[in-house]
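Take a look at the structure set out below.
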Amino acid sequence: MSSEPIAAYALLSDCRSAALVSAAGSVDWLCFPRFDSPSVFGRLLGQDAGFWSIRPAGEYTSTRRYLGPTMVLETTHRAPEGCVTVTDALVLGDGRRGHDLGADSPGTLLRQLSCTEGPVEVDIVFSPRPEYGLARPLLSAVDGGIVVRAGAVMLSFSTAAAFQLGADTAQARVTLQTGDVLGFAVHFQASGSGEPVFWGQAEIARRLEDTVQGWTSWSVMHQTYNGPWQELVAGSGRILQALTYYPSGAIVAAPTTSLPEVAGGTRNWDYRYSWIRDASMTLQALWVAACPDEAGNFFQFLATAAASQLAAGEELQIMFGIGGERELPERELAHLPGWRASSPVRVGNGAWDQRQLDVYGELLDAAATLPEYLAELAPATRRFLADAADAAASRWRSADHGIWEVRGEPRHFLYSKLMCWVAVDRAITLAELLQAPERVRRWEEVRDQIAASIRTYGWSEAANAYTQAYGSEDLDASALMLAIVGFLPADDPGILATIEAIEERLTDSRGLVYRYLADDGLPGEEGTFLLCTFWLAQALALAGRTQRARAVFERAAGFATDLGLMAEEVAPDSSELLGNFPQAFSHIGLVNAAWAIHTAEERMARRS
């Protein structure tokens, strides 16, 4: 099993798939050709599931960074007699820049060694294991490198160095002198799709530089945020772009599966899908940290993927595959022990067919974030959005499984009612663009009914706060959204009391926020959630408590790695990062909280 800390990994992306590279120089996770494809390297979840390691022989120390505003990784290893730099990238389409980032990405991982001080001996172990480690490949030496065949997968490993081939692993030790440069490439293609593709040394160097230029062009074009924590916000914007599947515009919640909520636990889920739940917060974050074009692509994906469901009288699905796939059945990979023996390892996600009423509000809130794009949508898509508001208006009284996808009995969750309110509230604002002015009166009536219900049944005198569900005294961080979505002003006494209750009774000793502490029908525990901690910072900023907001923000942001990556959770008994990595929701929370604090401070400065 893998014992490498989650925080030790760096992310590579070509806006179609992703790789995780450890600080020790090992690619321990790579899925080709899509984020949700079976892994080619999967040692992250099991020792026998494949890896590609490049590291100096003997003792060494390492530092790493992303090259400028890119997702190209540079790791510098210093050995006793010299120094070697490894540059890693999932290569982008040749010459693709700006909005075209991700177009024509060839499905190729590049790794280039540059010796700045020699000699340095470097060990290279190439051990691919397609199909999550189930497939034992056949390796064959040919002109230009090594061909790997395993079932429906063929990999071509380009190398100018000589390797010793075992049954399913290739190894080499190379000695580099000062000035030496040596590149490698792994290219994915389906078996039977043509001759293997090999890359020469000059082409590897050229395409690596082209990928640097591609990411740089995207950052220069998109990232104009000028406020506090600018580097963290910009980095989060790039990570959200890196988690975007270019062909559809979908954004995965994370590029990994089954990294646990507690080490050794069973709360291990596959996050390589796109949730409607995340839509409005994602769009707001992209608007701040990237640009509305990417946000528009994501909204178009969600609207297109879901458009046929309401027309057929179905519930609006909570999540989709990155190509718009609707059925995402969950299964367990019993042959993988999981990260630090956290089993089962799951692929697919059994929550895909849950009933979650909040999705209507998130979809309409997403539309309200980008009203200029609605006029460009097809009339049928705009009618679908109006129908989504109607669905919220007719179903808001029903029980569901809530934002956190609890696997117990349906309940009347406060957040679900709130987002139904958001659905009709935003639809009223957008009525002309949705070509549905005749529905406004009905929406206004329902909006008032939901608001009265939330004020009456969502508030708990015993808890002195808005709580997780009607009739409950349990706190839930999602109640902070009452202020964030504008249901009540953040300085409303009930909101302030809720903020105080969450800050005092739903945090650990460090002030990090739990989602909730109530029983959710699942065994085991979980850590504190970075997203929820950023929600607290955002709500405090909206309430004008900017100093406290800053303190909470910096508390959460302090758990970003040396590369600016954030996981989902922090372990309750240590500072270790947990959960699928990197986690889009955490980066969304960071961006939106930074923006809220920035605008609140500017507003206060204008008043003084």
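Ligands are numbered from 1 in the order shown, chains are lettered A, B, ... in the order of the structure tokens, and residues start at 1 in each chain.
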(request) Can you pull out every residue within 9 Å of segment 477-493 of chain A, counting only C-alpha atoms, but drop anything in the same chain fewer than 4 positions away, and send it as a ChimeraX atom specification? (result) /A:365,403,414-415,418-419,421-422,451,465-468,497-499,502,506,513-516,532-533,535-536,538-544
(request) Identify, on the basis of only C-alpha atoms, every residue whose closest approach to segment 124-141 of chain A does not exceed 6 Å; exclude the query and any residue fewer than 3 positions from it along the same chain; express the result as a PyMOL selection string. (result) chain A and resi 38-41+49-54+146-150+168-172
(message) Can you measure atom CA of Ala307 of chain A to atom CA of Asp104 of chain A for me? One decimal in Å is fine.
(response)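 Separation of atom CA of Ala307 of chain A and atom CA of Asp104 of chain A: 27.5 Å.
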(request) Check the DSSP output for the backbone and give back, as a PyMOL selection string, the residues of segment 182-218 of chain A in helix (DSSP H, G or I). (result) chain A and resi 201-218
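Between atom CA of Val120 of chain A and atom CA of Val174 of chain A lies a distance of 8.2 Å.
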(request) Extract the full set of strand (DSSP E or B) residues from segment 100-319 of chain A according to DSSP on the backbone, and format it as a PyMOL selection string. (result) chain A and resi 108-117+120-127+138-142+145-150+153-159+164-165+170-176+181-190+244-245+250-251+257+270+274-275+319
(message) Env of segment 311-320 of chain A: 7 Å cut, atoms = only C-alpha atoms, seq-sep filter 5 positions within chain, self excluded. Answer as JSON, numbers by chain.
(response) {"A": [273, 274, 275, 276, 277, 306, 325, 326, 352, 353, 356, 359]}
(message) Env of Ala469 of chain A: 7 Å cut, atoms = only C-alpha atoms, seq-sep filter 3 positions within chain, self excluded. Answer as a list of chain:residue names.
(response)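 Near neighbours after the sequence-gap exclusion: A:His412, A:Phe413, A:Leu414, A:Gly458, A:Ser472.
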(request) Tell me which protein, DNA and RNA residues are within 6 Å of segment 85-97 of chain A, counting only C-alpha atoms, leaving out same-chain ones fewer than 2 positions away, and put them as a VMD selection string. (result) chain A and resid 12 to 14 72 to 76 100 to 101 103 to 105 108 to 114 211 214 217
Kindly export the residues of the current selection with N, CA and C atoms, as a PDB file, in the first residue's frame.
ATOM      1  N   LEU A  12      -0.262  17.216 -12.259  1.00  0.00           N
ATOM      2  CA  LEU A  12      -0.046  17.540 -13.665  1.00  0.00           C
ATOM      3  C   LEU A  12      -1.376  17.386 -14.385  1.00  0.00           C
ATOM      4  N   SER A  13      -1.610  18.185 -15.421  1.00  0.00           N
ATOM      5  CA  SER A  13      -2.861  18.096 -16.166  1.00  0.00           C
ATOM      6  C   SER A  13      -2.654  18.536 -17.600  1.00  0.00           C
ATOM      7  N   ASP A  14      -3.398  17.890 -18.505  1.00  0.00           N
ATOM      8  CA  ASP A  14      -3.485  18.352 -19.889  1.00  0.00           C
ATOM      9  C   ASP A  14      -4.919  18.755 -20.227  1.00  0.00           C
ATOM     10  N   VAL A  72       3.340  22.926 -15.026  1.00  0.00           N
ATOM     11  CA  VAL A  72       4.541  22.159 -15.361  1.00  0.00           C
ATOM     12  C   VAL A  72       5.432  22.143 -14.130  1.00  0.00           C
ATOM     13  N   LEU A  73       5.806  20.964 -13.685  1.00  0.00           N
ATOM     14  CA  LEU A  73       6.516  20.780 -12.417  1.00  0.00           C
ATOM     15  C   LEU A  73       8.022  20.668 -12.634  1.00  0.00           C
ATOM     16  N   GLU A  74       8.767  21.367 -11.793  1.00  0.00           N
ATOM     17  CA  GLU A  74      10.230  21.267 -11.805  1.00  0.00           C
ATOM     18  C   GLU A  74      10.694  20.828 -10.421  1.00  0.00           C
ATOM     19  N   THR A  75      11.357  19.679 -10.360  1.00  0.00           N
ATOM     20  CA  THR A  75      11.888  19.144  -9.107  1.00  0.00           C
ATOM     21  C   THR A  75      13.401  19.086  -9.205  1.00  0.00           C
ATOM     22  N   THR A  76      14.079  19.695  -8.250  1.00  0.00           N
ATOM     23  CA  THR A  76      15.544  19.730  -8.241  1.00  0.00           C
ATOM     24  C   THR A  76      16.058  18.811  -7.142  1.00  0.00           C
ATOM     25  N   ASP A 100      -7.977  27.794 -25.881  1.00  0.00           N
ATOM     26  CA  ASP A 100      -7.844  26.485 -26.522  1.00  0.00           C
ATOM     27  C   ASP A 100      -7.025  25.504 -25.693  1.00  0.00           C
ATOM     28  N   LEU A 101      -6.659  25.888 -24.470  1.00  0.00           N
ATOM     29  CA  LEU A 101      -5.867  24.997 -23.634  1.00  0.00           C
ATOM     30  C   LEU A 101      -6.629  23.696 -23.397  1.00  0.00           C
ATOM     31  N   ALA A 103      -7.230  21.569 -26.037  1.00  0.00           N
ATOM     32  CA  ALA A 103      -7.572  21.062 -27.370  1.00  0.00           C
ATOM     33  C   ALA A 103      -6.394  20.258 -27.920  1.00  0.00           C
ATOM     34  N   ASP A 104      -6.685  19.101 -28.489  1.00  0.00           N
ATOM     35  CA  ASP A 104      -5.680  18.247 -29.149  1.00  0.00           C
ATOM     36  C   ASP A 104      -4.604  17.719 -28.212  1.00  0.00           C
ATOM     37  N   SER A 105      -4.853  17.702 -26.909  1.00  0.00           N
ATOM     38  CA  SER A 105      -3.858  17.104 -26.011  1.00  0.00           C
ATOM     39  C   SER A 105      -3.649  15.656 -26.412  1.00  0.00           C
ATOM     40  N   THR A 108       0.068  12.335 -23.497  1.00  0.00           N
ATOM     41  CA  THR A 108       1.496  12.039 -23.379  1.00  0.00           C
ATOM     42  C   THR A 108       2.065  12.691 -22.128  1.00  0.00           C
ATOM     43  N   LEU A 109       2.779  11.911 -21.346  1.00  0.00           N
ATOM     44  CA  LEU A 109       3.477  12.409 -20.162  1.00  0.00           C
ATOM     45  C   LEU A 109       4.957  12.550 -20.496  1.00  0.00           C
ATOM     46  N   LEU A 110       5.494  13.752 -20.309  1.00  0.00           N
ATOM     47  CA  LEU A 110       6.905  14.030 -20.571  1.00  0.00           C
ATOM     48  C   LEU A 110       7.657  14.185 -19.254  1.00  0.00           C
ATOM     49  N   ARG A 111       8.888  13.650 -19.218  1.00  0.00           N
ATOM     50  CA  ARG A 111       9.780  13.829 -18.066  1.00  0.00           C
ATOM     51  C   ARG A 111      11.188  14.071 -18.633  1.00  0.00           C
ATOM     52  N   GLN A 112      11.763  15.211 -18.295  1.00  0.00           N
ATOM     53  CA  GLN A 112      13.066  15.578 -18.828  1.00  0.00           C
ATOM     54  C   GLN A 112      14.048  15.834 -17.696  1.00  0.00           C
ATOM     55  N   LEU A 113      15.225  15.200 -17.779  1.00  0.00           N
ATOM     56  CA  LEU A 113      16.290  15.386 -16.791  1.00  0.00           C
ATOM     57  C   LEU A 113      17.315  16.363 -17.340  1.00  0.00           C
ATOM     58  N   SER A 114      17.749  17.315 -16.494  1.00  0.00           N
ATOM     59  CA  SER A 114      18.805  18.270 -16.855  1.00  0.00           C
ATOM     60  C   SER A 114      19.818  18.293 -15.721  1.00  0.00           C
ATOM     61  N   THR A 211       4.350  23.476 -23.908  1.00  0.00           N
ATOM     62  CA  THR A 211       3.372  23.319 -22.826  1.00  0.00           C
ATOM     63  C   THR A 211       3.536  24.413 -21.783  1.00  0.00           C
ATOM     64  N   GLY A 214       1.958  27.381 -23.298  1.00  0.00           N
ATOM     65  CA  GLY A 214       0.507  27.270 -23.321  1.00  0.00           C
ATOM     66  C   GLY A 214      -0.118  27.655 -21.997  1.00  0.00           C
ATOM     67  N   SER A 217       0.296  31.408 -21.353  1.00  0.00           N
ATOM     68  CA  SER A 217      -0.633  32.232 -22.123  1.00  0.00           C
ATOM     69  C   SER A 217      -2.020  32.230 -21.490  1.00  0.00           C
TER      70      SER A 217
END
(message) Here is a test: counting only C-alpha atoms, which residue of A:Ala600, A:Ala368, A:Ala190, A:Ala79 is nearest to Leu385 of chain A?
(response)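 Counting only C-alpha atoms, the residue closest to Leu385 of chain A is A:Ala368.
Here the question is which of A:Met221, A:Leu20, A:Ile322, A:Ala303 gets nearest to Tyr271 of chain A using only C-alpha atoms, and that residue is A:Ile322.
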(request) Do a neighbour search on Gly144 of chain A at 12 Å with only C-alpha atoms, toss out local chain neighbours closer than 5 positions, and write the hits as an MDAnalysis selection string. (result) chainID A and resid 156:163 184:186 196:201
Please write the residues from the selection above to a file, keeping N, CA and C atoms, as an mmCIF file, in the first residue's frame.
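Below is the file selection17.cif, written as the result:
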data_model
loop_
_atom_site.group_PDB
_atom_site.id
_atom_site.type_symbol
_atom_site.label_atom_id
_atom_site.label_comp_id
_atom_site.auth_asym_id
_atom_site.auth_seq_id
_atom_site.Cartn_x
_atom_site.Cartn_y
_atom_site.Cartn_z
ATOM 1 N N SER A 156 3.553 3.682 -25.583
ATOM 2 C CA SER A 156 4.888 3.752 -26.161
ATOM 3 C C SER A 156 5.758 4.599 -25.242
ATOM 4 N N PHE A 157 6.876 4.007 -24.787
ATOM 5 C CA PHE A 157 7.801 4.658 -23.861
ATOM 6 C C PHE A 157 9.031 5.071 -24.656
ATOM 7 N N SER A 158 9.144 6.380 -24.894
ATOM 8 C CA SER A 158 10.264 6.909 -25.681
ATOM 9 C C SER A 158 11.460 7.129 -24.767
ATOM 10 N N THR A 159 12.603 6.567 -25.156
ATOM 11 C CA THR A 159 13.804 6.723 -24.355
ATOM 12 C C THR A 159 15.043 6.592 -25.237
ATOM 13 N N ALA A 160 16.042 7.419 -24.941
ATOM 14 C CA ALA A 160 17.339 7.284 -25.589
ATOM 15 C C ALA A 160 18.315 6.505 -24.718
ATOM 16 N N ALA A 161 17.884 6.146 -23.498
ATOM 17 C CA ALA A 161 18.729 5.383 -22.584
ATOM 18 C C ALA A 161 18.406 3.899 -22.722
ATOM 19 N N ALA A 162 19.370 3.067 -22.378
ATOM 20 C CA ALA A 162 19.186 1.615 -22.428
ATOM 21 C C ALA A 162 18.538 1.132 -21.137
ATOM 22 N N PHE A 163 17.491 0.331 -21.271
ATOM 23 C CA PHE A 163 16.778 -0.217 -20.120
ATOM 24 C C PHE A 163 16.904 -1.727 -20.086
ATOM 25 N N PHE A 184 12.176 11.714 -21.608
ATOM 26 C CA PHE A 184 11.378 10.507 -21.754
ATOM 27 C C PHE A 184 9.935 10.914 -22.033
ATOM 28 N N ALA A 185 9.208 10.026 -22.708
ATOM 29 C CA ALA A 185 7.794 10.284 -22.977
ATOM 30 C C ALA A 185 7.020 8.980 -22.911
ATOM 31 N N VAL A 186 5.837 9.023 -22.307
ATOM 32 C CA VAL A 186 4.911 7.895 -22.335
ATOM 33 C C VAL A 186 3.658 8.358 -23.055
ATOM 34 N N PRO A 196 2.855 2.389 -32.795
ATOM 35 C CA PRO A 196 3.230 3.153 -31.608
ATOM 36 C C PRO A 196 3.930 4.459 -31.984
ATOM 37 N N VAL A 197 3.680 5.493 -31.167
ATOM 38 C CA VAL A 197 4.211 6.830 -31.417
ATOM 39 C C VAL A 197 5.411 7.058 -30.502
ATOM 40 N N PHE A 198 6.562 7.378 -31.095
ATOM 41 C CA PHE A 198 7.759 7.655 -30.303
ATOM 42 C C PHE A 198 8.206 9.098 -30.527
ATOM 43 N N TRP A 199 8.748 9.679 -29.474
ATOM 44 C CA TRP A 199 9.177 11.075 -29.477
ATOM 45 C C TRP A 199 10.692 11.133 -29.357
ATOM 46 N N GLY A 200 11.343 11.840 -30.269
ATOM 47 C CA GLY A 200 12.782 12.057 -30.181
ATOM 48 C C GLY A 200 13.121 13.106 -29.137
ATOM 49 N N GLN A 201 14.402 13.224 -28.818
ATOM 50 C CA GLN A 201 14.835 14.152 -27.769
ATOM 51 C C GLN A 201 14.495 15.606 -28.110
#
(message) I'd like the contact shell of Glu409 of chain A - 10 Å cut-off, only C-alpha atoms, skipping same-chain residues fewer than 6 positions apart - returned as a ChimeraX atom specification.
(response) /A:399-401,520-521
(message) Which residue is closest to His598 of chain A? Choose from A:Ala378, A:Val233, A:Leu243, A:Leu283 and count only C-alpha atoms.
(response)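 For His598 of chain A, the nearest of the candidates is A:Val233.
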(request) Find the residue from A:Cys31, A:Ala571, A:Ala375, A:Ala234 that sits nearest to Val153 of chain A; use only C-alpha atoms when measuring. (result)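 Counting only C-alpha atoms, the residue closest to Val153 of chain A is A:Cys31.
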(request) State, in Å with one decimal place, the distance from atom CA of Pro379 of chain A to atom CA of Ser394 of chain A. (result) 22.6 Å
(message) Let me make sure I understand: among A:Gly235, A:Pro572, A:Pro119, A:Gly579, which one has the smallest atom-to-atom distance to Gly179 of chain A if we use only C-alpha atoms?
(response)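 Nearest candidate to Gly179 of chain A out of A:Gly235, A:Pro572, A:Pro119, A:Gly579: A:Pro119.
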